[in-house]
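Below is one structure, written out as structure tokens, with a few remarks after it.
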Amino acid sequence: YRCLMEGQRQNISVLGCGNIGRAIAHGIVASKLRTSAEVILTRRDPSHLDDMKNLHFSVTHDNVDAVKRSQVVILCVQPKALNTLLSEIKPHLSSNHVLISVISGAEISDIQNQIGRTDVDVVRAMPNTAIAYRESMTCLAGSSKTSPGLKIAEEIFDQVGATMIVDEDKMVAATALCACGVAFFCRAIRAASQGGIEIGFHSEDAIKMAAQTAKGAATLLLQSGAHPEREVDKVTTPMGCTIAGLNQMEHSGFSSAFIKGIVTSAEKAAVLYKKKE
């Protein structure tokens, strides 16, 4: 495969276009990888995509037609609907297709077994809901690190945030840390804002202050490449208010609770697709 910007321009289809699918579609167009007319969106009830149709995306309920008209096919359905979708489209897949799956727990081998062939390049992608603002952390895995489809997936998801290529056996862990992680960090921000309310701020102000502080902390780490504890050390002075607050949080199990939550989510994510089979 050539990269998406080289050679003949092939359509990209998004099957089961919900919130994640919409964000991917917008990212593809905003980055000029494709025009909206070159992106095909499917949904059982296409009327839910009328707003996308008004932006000149190609909208249909027909998954088979979308596959026939695309080279890159992004699978965005719920885990319970994956096998039915694959059965529907498999007679129309060729070795020229690239399948990119964002479905939790569905392994590359699961998809290849369902379509009955291994010559179709299958890539797994795990974005998170920050994709809506092109700030996703998306982990990608292919059948090998040199999988040509992996390069195509990287091109697409680089437009909607940051990407990292991982071994497939790390994709469940990536789900817990990056996809579920959005909820964990939002809950931490909410908790910080509740503390802010208790010490005197109005709710709206406290949430804005907590969220911007969290964004600032993340930016410090991403821009400097520093270990979190280095930034902690810069803020904690002997007998100061920061270390007193941190220690109180740790006495109450802050780090331990976060770790346990991520591990529990990973255990649950591992069986999401398997339970539907």
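If you're wondering about the labels, chains in the structure tokens are A, B, ... by order shown, residues count from 1 in each chain, ligands from 1 in order shown.
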- Who sits within 8 Å of stretch 74-80 of chain A, only C-alpha atoms, same chain under 6 positions skipped, as an NGL selection string: :A and (12-18 or 20-21 or 99-106 or 272-273 or 276-277)
Create the file for the chosen residues now, containing N, CA and C atoms and written as an mmCIF file, in the first residue's frame.
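Contents of part_8.cif, as written:
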data_model
loop_
_atom_site.group_PDB
_atom_site.id
_atom_site.type_symbol
_atom_site.label_atom_id
_atom_site.label_comp_id
_atom_site.auth_asym_id
_atom_site.auth_seq_id
_atom_site.Cartn_x
_atom_site.Cartn_y
_atom_site.Cartn_z
ATOM 1 N N ILE A 12 -12.666 6.148 1.738
ATOM 2 C CA ILE A 12 -12.579 5.569 3.079
ATOM 3 C C ILE A 12 -14.003 5.422 3.590
ATOM 4 N N SER A 13 -14.349 4.247 4.106
ATOM 5 C CA SER A 13 -15.695 4.080 4.658
ATOM 6 C C SER A 13 -15.629 3.844 6.162
ATOM 7 N N VAL A 14 -16.652 4.340 6.847
ATOM 8 C CA VAL A 14 -16.792 4.168 8.293
ATOM 9 C C VAL A 14 -18.107 3.440 8.519
ATOM 10 N N LEU A 15 -18.032 2.180 8.928
ATOM 11 C CA LEU A 15 -19.226 1.357 9.096
ATOM 12 C C LEU A 15 -19.691 1.399 10.554
ATOM 13 N N GLY A 16 -20.955 1.781 10.757
ATOM 14 C CA GLY A 16 -21.474 1.927 12.117
ATOM 15 C C GLY A 16 -21.048 3.263 12.696
ATOM 16 N N CYS A 17 -21.394 4.328 11.989
ATOM 17 C CA CYS A 17 -20.843 5.651 12.310
ATOM 18 C C CYS A 17 -21.588 6.301 13.474
ATOM 19 N N GLY A 18 -21.044 6.123 14.680
ATOM 20 C CA GLY A 18 -21.545 6.810 15.869
ATOM 21 C C GLY A 18 -20.620 7.973 16.205
ATOM 22 N N ILE A 20 -17.597 8.076 17.700
ATOM 23 C CA ILE A 20 -16.197 7.867 17.326
ATOM 24 C C ILE A 20 -16.046 7.966 15.810
ATOM 25 N N GLY A 21 -16.956 7.331 15.084
ATOM 26 C CA GLY A 21 -16.904 7.370 13.626
ATOM 27 C C GLY A 21 -17.013 8.787 13.081
ATOM 28 N N LEU A 99 -8.809 -3.260 6.719
ATOM 29 C CA LEU A 99 -9.848 -3.150 7.757
ATOM 30 C C LEU A 99 -9.212 -2.568 9.013
ATOM 31 N N ILE A 100 -9.795 -1.498 9.514
ATOM 32 C CA ILE A 100 -9.334 -0.899 10.772
ATOM 33 C C ILE A 100 -10.472 -1.023 11.769
ATOM 34 N N SER A 101 -10.240 -1.761 12.841
ATOM 35 C CA SER A 101 -11.285 -2.028 13.830
ATOM 36 C C SER A 101 -11.054 -1.215 15.102
ATOM 37 N N VAL A 102 -12.089 -0.507 15.555
ATOM 38 C CA VAL A 102 -11.994 0.205 16.831
ATOM 39 C C VAL A 102 -12.841 -0.506 17.900
ATOM 40 N N ILE A 103 -13.084 -1.793 17.694
ATOM 41 C CA ILE A 103 -14.006 -2.544 18.546
ATOM 42 C C ILE A 103 -13.255 -3.202 19.705
ATOM 43 N N SER A 104 -13.659 -2.876 20.916
ATOM 44 C CA SER A 104 -12.977 -3.366 22.117
ATOM 45 C C SER A 104 -12.983 -4.886 22.167
ATOM 46 N N GLY A 105 -11.830 -5.466 22.423
ATOM 47 C CA GLY A 105 -11.730 -6.898 22.698
ATOM 48 C C GLY A 105 -11.684 -7.796 21.483
ATOM 49 N N ALA A 106 -11.966 -7.286 20.288
ATOM 50 C CA ALA A 106 -11.958 -8.122 19.083
ATOM 51 C C ALA A 106 -10.535 -8.190 18.527
ATOM 52 N N LEU A 272 -15.018 -8.377 26.753
ATOM 53 C CA LEU A 272 -16.175 -7.682 26.163
ATOM 54 C C LEU A 272 -16.651 -8.364 24.885
ATOM 55 N N TYR A 273 -15.739 -8.593 23.928
ATOM 56 C CA TYR A 273 -16.125 -9.195 22.654
ATOM 57 C C TYR A 273 -16.388 -10.691 22.825
ATOM 58 N N LYS A 276 -19.799 -11.893 23.652
ATOM 59 C CA LYS A 276 -20.841 -11.716 22.653
ATOM 60 C C LYS A 276 -20.853 -12.857 21.637
ATOM 61 N N GLU A 277 -19.784 -13.652 21.614
ATOM 62 C CA GLU A 277 -19.676 -14.698 20.585
ATOM 63 C C GLU A 277 -20.638 -15.849 20.844
#
- Message: Neighbouring residues of stretch 186-201 of chain A were defined as those with any atom within 6 Å, considering only C-alpha atoms; residues of the same chain fewer than 4 positions away were excluded. Please report them as a ChimeraX atom specification.
- Response: /A:206-207,210-211
- Message: Which residues are close to A:Val232, i.e. within 10 Å by only C-alpha atoms, leaving aside same-chain residues fewer than 5 positions away? Reply as number ranges by chain.
- Response: A: 217, 227, 237, 242-243, 246
Would you save the residues from that selection as a PDB file, in the first residue's frame, using all heavy atoms?
ATOM      1  N   ALA A 217      -0.964  20.439  33.819  1.00  0.00           N
ATOM      2  CA  ALA A 217      -0.090  19.378  34.333  1.00  0.00           C
ATOM      3  C   ALA A 217       0.274  18.392  33.225  1.00  0.00           C
ATOM      4  O   ALA A 217       1.435  17.982  33.090  1.00  0.00           O
ATOM      5  CB  ALA A 217      -0.786  18.652  35.489  1.00  0.00           C
ATOM      6  N   HIS A 227       9.489  13.050  34.139  1.00  0.00           N
ATOM      7  CA  HIS A 227       8.724  12.117  34.956  1.00  0.00           C
ATOM      8  C   HIS A 227       7.777  12.925  35.839  1.00  0.00           C
ATOM      9  O   HIS A 227       8.139  14.014  36.313  1.00  0.00           O
ATOM     10  CB  HIS A 227       9.674  11.291  35.815  1.00  0.00           C
ATOM     11  CG  HIS A 227       9.001  10.146  36.515  1.00  0.00           C
ATOM     12  ND1 HIS A 227       8.270  10.312  37.679  1.00  0.00           N
ATOM     13  CD2 HIS A 227       8.930   8.828  36.203  1.00  0.00           C
ATOM     14  CE1 HIS A 227       7.782   9.136  38.051  1.00  0.00           C
ATOM     15  NE2 HIS A 227       8.170   8.218  37.183  1.00  0.00           N
ATOM     16  N   THR A 237       7.294  21.880  48.773  1.00  0.00           N
ATOM     17  CA  THR A 237       8.357  22.442  49.620  1.00  0.00           C
ATOM     18  C   THR A 237       8.257  21.847  51.022  1.00  0.00           C
ATOM     19  O   THR A 237       7.180  21.404  51.441  1.00  0.00           O
ATOM     20  CB  THR A 237       8.216  23.976  49.703  1.00  0.00           C
ATOM     21  OG1 THR A 237       6.888  24.298  50.150  1.00  0.00           O
ATOM     22  CG2 THR A 237       8.454  24.614  48.335  1.00  0.00           C
ATOM     23  N   THR A 242       1.383  21.762  49.754  1.00  0.00           N
ATOM     24  CA  THR A 242       1.205  20.764  48.696  1.00  0.00           C
ATOM     25  C   THR A 242       1.509  19.366  49.207  1.00  0.00           C
ATOM     26  O   THR A 242       0.728  18.426  48.984  1.00  0.00           O
ATOM     27  CB  THR A 242       2.112  21.088  47.479  1.00  0.00           C
ATOM     28  OG1 THR A 242       1.847  22.418  47.042  1.00  0.00           O
ATOM     29  CG2 THR A 242       1.845  20.113  46.341  1.00  0.00           C
ATOM     30  N   ILE A 243       2.630  19.194  49.878  1.00  0.00           N
ATOM     31  CA  ILE A 243       2.995  17.855  50.365  1.00  0.00           C
ATOM     32  C   ILE A 243       2.014  17.390  51.428  1.00  0.00           C
ATOM     33  O   ILE A 243       1.690  16.195  51.518  1.00  0.00           O
ATOM     34  CB  ILE A 243       4.453  17.820  50.890  1.00  0.00           C
ATOM     35  CG1 ILE A 243       4.903  16.376  51.117  1.00  0.00           C
ATOM     36  CG2 ILE A 243       4.626  18.638  52.164  1.00  0.00           C
ATOM     37  CD1 ILE A 243       4.959  15.535  49.861  1.00  0.00           C
ATOM     38  N   LEU A 246      -0.945  16.137  49.381  1.00  0.00           N
ATOM     39  CA  LEU A 246      -0.588  14.892  48.690  1.00  0.00           C
ATOM     40  C   LEU A 246      -0.553  13.717  49.654  1.00  0.00           C
ATOM     41  O   LEU A 246      -1.084  12.638  49.362  1.00  0.00           O
ATOM     42  CB  LEU A 246       0.784  15.031  48.019  1.00  0.00           C
ATOM     43  CG  LEU A 246       0.848  15.656  46.627  1.00  0.00           C
ATOM     44  CD1 LEU A 246       2.303  15.778  46.197  1.00  0.00           C
ATOM     45  CD2 LEU A 246       0.072  14.820  45.618  1.00  0.00           C
TER      46      LEU A 246
END
- Message: I need the alpha helix (DSSP H) residues of stretch 30-216 of chain A per DSSP on the backbone, written as a PyMOL selection string.
- Response: chain A and resi 30+50-53+63-68+82-89+108-115+148-157+171-174+180-198+203-216
- Task: Name the residues of stretch 118-237 of chain A that fall into strand (DSSP E) according to DSSP on the backbone, using the chain letters and numbers of this document, as a list in words.
- Result: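 Listing strand (DSSP E) positions across stretch 118-237 of chain A yields Asp121, Val122, Val123, Arg124, Ala125, Met126, Ser136, Met137, Thr138, Cys139, Leu140, Ala141, Gly142, Gly161, Ala162, Thr163, Met164 and Ile165 of chain A.
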Write the residues you've just listed into a file as a PDB file, in the first residue's frame, and include C-alpha atoms for each of them.
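The resulting out_3.pdb:
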ATOM      1  CA  ASP A 121      -4.840  -6.423   6.203  1.00  0.00           C
ATOM      2  CA  VAL A 122      -6.500  -5.954   9.623  1.00  0.00           C
ATOM      3  CA  VAL A 123      -5.447  -3.232  12.067  1.00  0.00           C
ATOM      4  CA  ARG A 124      -6.787  -2.601  15.570  1.00  0.00           C
ATOM      5  CA  ALA A 125      -7.175   0.966  16.814  1.00  0.00           C
ATOM      6  CA  MET A 126      -8.186   2.099  20.280  1.00  0.00           C
ATOM      7  CA  SER A 136      -7.215  11.337  21.310  1.00  0.00           C
ATOM      8  CA  MET A 137      -4.488   9.008  22.507  1.00  0.00           C
ATOM      9  CA  THR A 138      -4.928   6.180  20.001  1.00  0.00           C
ATOM     10  CA  CYS A 139      -3.041   2.892  20.277  1.00  0.00           C
ATOM     11  CA  LEU A 140      -2.631   0.861  17.083  1.00  0.00           C
ATOM     12  CA  ALA A 141      -1.697  -2.771  16.457  1.00  0.00           C
ATOM     13  CA  GLY A 142      -1.264  -4.756  13.267  1.00  0.00           C
ATOM     14  CA  GLY A 161      -4.555  13.291  18.311  1.00  0.00           C
ATOM     15  CA  ALA A 162      -1.468  11.241  19.126  1.00  0.00           C
ATOM     16  CA  THR A 163      -0.811   7.618  18.142  1.00  0.00           C
ATOM     17  CA  MET A 164       1.335   4.832  19.518  1.00  0.00           C
ATOM     18  CA  ILE A 165       1.984   1.477  17.861  1.00  0.00           C
TER      19      ILE A 165
END
- Contacts of A:Pro46 within 10 Å, only C-alpha atoms, excl. fewer than 2 positions in-chain, as a PyMOL selection string: chain A and resi 17+41-44+48-50+52-53+59-62
- Gap from atom CA of A:Ala266 to atom CA of A:Asp169 - Å, one decimal: 11.7 Å
- Within 12 Å of A:Ala183, counting only C-alpha atoms, which residues show up once you throw out same-chain ones fewer than 4 positions away? Write them as a VMD selection string, please. chain A and resid 128 to 130 175 to 179 187 to 190 258 261 to 262 265
Include all heavy atoms and write out the residues we just selected as a JSON list (two decimals), in the first residue's frame.
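After the write, out.json holds the following:
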[["chain", "number", "residue", "atom", "x", "y", "z"],
["A", 128, "ASN", "N", -9.86, 7.33, 22.03],
["A", 128, "ASN", "CA", -10.74, 7.66, 23.15],
["A", 128, "ASN", "C", -11.64, 8.82, 22.75],
["A", 128, "ASN", "O", -11.53, 9.37, 21.65],
["A", 128, "ASN", "CB", -9.96, 7.93, 24.44],
["A", 128, "ASN", "CG", -9.01, 9.12, 24.34],
["A", 128, "ASN", "OD1", -9.29, 10.12, 23.68],
["A", 128, "ASN", "ND2", -7.86, 9.01, 25.00],
["A", 129, "THR", "N", -12.56, 9.20, 23.63],
["A", 129, "THR", "CA", -13.59, 10.17, 23.26],
["A", 129, "THR", "C", -13.03, 11.57, 23.03],
["A", 129, "THR", "O", -13.72, 12.41, 22.42],
["A", 129, "THR", "CB", -14.69, 10.24, 24.34],
["A", 129, "THR", "OG1", -14.07, 10.45, 25.62],
["A", 129, "THR", "CG2", -15.50, 8.96, 24.38],
["A", 130, "ALA", "N", -11.80, 11.85, 23.45],
["A", 130, "ALA", "CA", -11.19, 13.15, 23.16],
["A", 130, "ALA", "C", -10.91, 13.31, 21.67],
["A", 130, "ALA", "O", -10.54, 14.39, 21.21],
["A", 130, "ALA", "CB", -9.89, 13.32, 23.95],
["A", 175, "THR", "N", -6.84, -0.09, 26.18],
["A", 175, "THR", "CA", -8.26, 0.27, 26.37],
["A", 175, "THR", "C", -8.47, 0.82, 27.77],
["A", 175, "THR", "O", -9.10, 1.86, 27.97],
["A", 175, "THR", "CB", -9.16, -0.96, 26.15],
["A", 175, "THR", "OG1", -8.94, -1.47, 24.84],
["A", 175, "THR", "CG2", -10.63, -0.61, 26.33],
["A", 176, "ALA", "N", -7.91, 0.13, 28.77],
["A", 176, "ALA", "CA", -8.10, 0.55, 30.15],
["A", 176, "ALA", "C", -7.40, 1.88, 30.44],
["A", 176, "ALA", "O", -7.98, 2.77, 31.08],
["A", 176, "ALA", "CB", -7.58, -0.54, 31.10],
["A", 177, "LEU", "N", -6.16, 2.02, 29.97],
["A", 177, "LEU", "CA", -5.37, 3.20, 30.31],
["A", 177, "LEU", "C", -5.82, 4.43, 29.52],
["A", 177, "LEU", "O", -5.89, 5.53, 30.07],
["A", 177, "LEU", "CB", -3.89, 2.92, 30.05],
["A", 177, "LEU", "CG", -2.90, 4.01, 30.48],
["A", 177, "LEU", "CD1", -3.05, 4.36, 31.95],
["A", 177, "LEU", "CD2", -1.47, 3.58, 30.18],
["A", 178, "CYS", "N", -6.11, 4.26, 28.24],
["A", 178, "CYS", "CA", -6.38, 5.42, 27.37],
["A", 178, "CYS", "C", -7.86, 5.68, 27.14],
["A", 178, "CYS", "O", -8.29, 6.83, 27.15],
["A", 178, "CYS", "CB", -5.68, 5.24, 26.02],
["A", 178, "CYS", "SG", -3.90, 5.00, 26.17],
["A", 179, "ALA", "N", -8.64, 4.63, 26.89],
["A", 179, "ALA", "CA", -10.07, 4.83, 26.61],
["A", 179, "ALA", "C", -10.87, 4.99, 27.91],
["A", 179, "ALA", "O", -11.54, 6.01, 28.13],
["A", 179, "ALA", "CB", -10.61, 3.67, 25.78],
["A", 187, "ARG", "N", -13.14, 12.02, 36.45],
["A", 187, "ARG", "CA", -13.59, 11.86, 37.84],
["A", 187, "ARG", "C", -12.61, 12.54, 38.80],
["A", 187, "ARG", "O", -13.03, 13.15, 39.80],
["A", 187, "ARG", "CB", -13.75, 10.38, 38.17],
["A", 187, "ARG", "CG", -14.27, 10.08, 39.57],
["A", 187, "ARG", "CD", -15.64, 10.71, 39.86],
["A", 187, "ARG", "NE", -16.70, 10.24, 38.99],
["A", 187, "ARG", "CZ", -17.44, 9.14, 39.22],
["A", 187, "ARG", "NH1", -17.21, 8.40, 40.29],
["A", 187, "ARG", "NH2", -18.39, 8.81, 38.39],
["A", 188, "ALA", "N", -11.32, 12.47, 38.50],
["A", 188, "ALA", "CA", -10.33, 13.15, 39.34],
["A", 188, "ALA", "C", -10.52, 14.67, 39.27],
["A", 188, "ALA", "O", -10.42, 15.36, 40.30],
["A", 188, "ALA", "CB", -8.91, 12.78, 38.89],
["A", 189, "ILE", "N", -10.84, 15.19, 38.08],
["A", 189, "ILE", "CA", -11.09, 16.62, 37.94],
["A", 189, "ILE", "C", -12.35, 17.02, 38.70],
["A", 189, "ILE", "O", -12.39, 18.06, 39.37],
["A", 189, "ILE", "CB", -11.18, 17.00, 36.45],
["A", 189, "ILE", "CG1", -9.80, 16.89, 35.80],
["A", 189, "ILE", "CG2", -11.75, 18.41, 36.27],
["A", 189, "ILE", "CD1", -9.81, 16.96, 34.29],
["A", 190, "ARG", "N", -13.36, 16.17, 38.59],
["A", 190, "ARG", "CA", -14.59, 16.44, 39.34],
["A", 190, "ARG", "C", -14.31, 16.48, 40.84],
["A", 190, "ARG", "O", -14.80, 17.37, 41.56],
["A", 190, "ARG", "CB", -15.63, 15.37, 39.03],
["A", 190, "ARG", "CG", -16.92, 15.54, 39.83],
["A", 190, "ARG", "CD", -17.79, 14.31, 39.73],
["A", 190, "ARG", "NE", -18.87, 14.35, 40.72],
["A", 190, "ARG", "CZ", -19.44, 13.29, 41.23],
["A", 190, "ARG", "NH1", -19.05, 12.08, 40.86],
["A", 190, "ARG", "NH2", -20.41, 13.38, 42.11],
["A", 258, "PHE", "N", -6.48, 4.37, 41.95],
["A", 258, "PHE", "CA", -6.30, 4.61, 40.51],
["A", 258, "PHE", "C", -5.75, 3.35, 39.84],
["A", 258, "PHE", "O", -6.24, 2.92, 38.79],
["A", 258, "PHE", "CB", -5.34, 5.78, 40.30],
["A", 258, "PHE", "CG", -5.83, 6.79, 39.30],
["A", 258, "PHE", "CD1", -6.47, 7.95, 39.72],
["A", 258, "PHE", "CD2", -5.65, 6.60, 37.95],
["A", 258, "PHE", "CE1", -6.92, 8.89, 38.79],
["A", 258, "PHE", "CE2", -6.10, 7.53, 37.02],
["A", 258, "PHE", "CZ", -6.74, 8.68, 37.44],
["A", 261, "GLY", "N", -8.33, 0.59, 39.72],
["A", 261, "GLY", "CA", -9.36, 0.88, 38.73],
["A", 261, "GLY", "C", -8.90, 0.52, 37.32],
["A", 261, "GLY", "O", -9.65, -0.09, 36.55],
["A", 262, "ILE", "N", -7.68, 0.87, 36.98],
["A", 262, "ILE", "CA", -7.14, 0.58, 35.64],
["A", 262, "ILE", "C", -7.01, -0.93, 35.44],
["A", 262, "ILE", "O", -7.38, -1.47, 34.39],
["A", 262, "ILE", "CB", -5.80, 1.30, 35.44],
["A", 262, "ILE", "CG1", -6.05, 2.81, 35.31],
["A", 262, "ILE", "CG2", -5.05, 0.77, 34.22],
["A", 262, "ILE", "CD1", -4.80, 3.66, 35.39],
["A", 265, "SER", "N", -10.51, -2.46, 34.98],
["A", 265, "SER", "CA", -11.05, -2.15, 33.65],
["A", 265, "SER", "C", -10.39, -3.02, 32.58],
["A", 265, "SER", "O", -11.06, -3.46, 31.64],
["A", 265, "SER", "CB", -10.84, -0.67, 33.32],
["A", 265, "SER", "OG", -11.76, 0.12, 34.04]]
- Task: Find the residue from A:Arg134, A:Lys170, A:His56, A:Lys260 that sits nearest to A:Phe157; use only C-alpha atoms when measuring.
- Result: A:Arg134
- Message: So, with only C-alpha atoms as the atoms that count, which of A:Val263, A:Leu55, A:Leu222, A:Ile131 lies closest to A:Asp158?
- Response: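 Under the stated criterion, the closest residue is A:Ile131.
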- Top pick for closest residue to A:Val72, considering A:Ile24, A:Ser109, A:Ile152, A:Ser87 and counting only C-alpha atoms: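 When distances to A:Val72 are compared using only C-alpha atoms, the smallest one comes from A:Ile152.
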Report as CSV the residues of stretch 72-100 of chain A within 12 Å of stretch 113-119 of chain A, each with its shortest atom pair and distance in Å (one decimal), using only C-alpha atoms, ordered by chain and increasing residue number.
residue,atom,partner,partner_atom,distance
A:Leu82,CA,A:Gln114,CA,9.3
A:Asn83,CA,A:Gln114,CA,6.8
A:Thr84,CA,A:Gln114,CA,9.3
A:Leu85,CA,A:Gln114,CA,9.8
A:Leu86,CA,A:Ile115,CA,6.2
A:Ser87,CA,A:Ile115,CA,6.7
A:Glu88,CA,A:Ile115,CA,9.3
A:Ile89,CA,A:Ile115,CA,8.2
A:Lys90,CA,A:Ile115,CA,5.1
A:Pro91,CA,A:Ile115,CA,8.1
A:His92,CA,A:Ile115,CA,10.0
A:Leu93,CA,A:Ile115,CA,8.4
A:Ser94,CA,A:Asp119,CA,7.9
A:Ser95,CA,A:Asp119,CA,5.4
A:Asn96,CA,A:Asp119,CA,8.7
A:His97,CA,A:Asp119,CA,9.2
A:Val98,CA,A:Asp119,CA,9.8
A:Leu99,CA,A:Ile115,CA,11.0
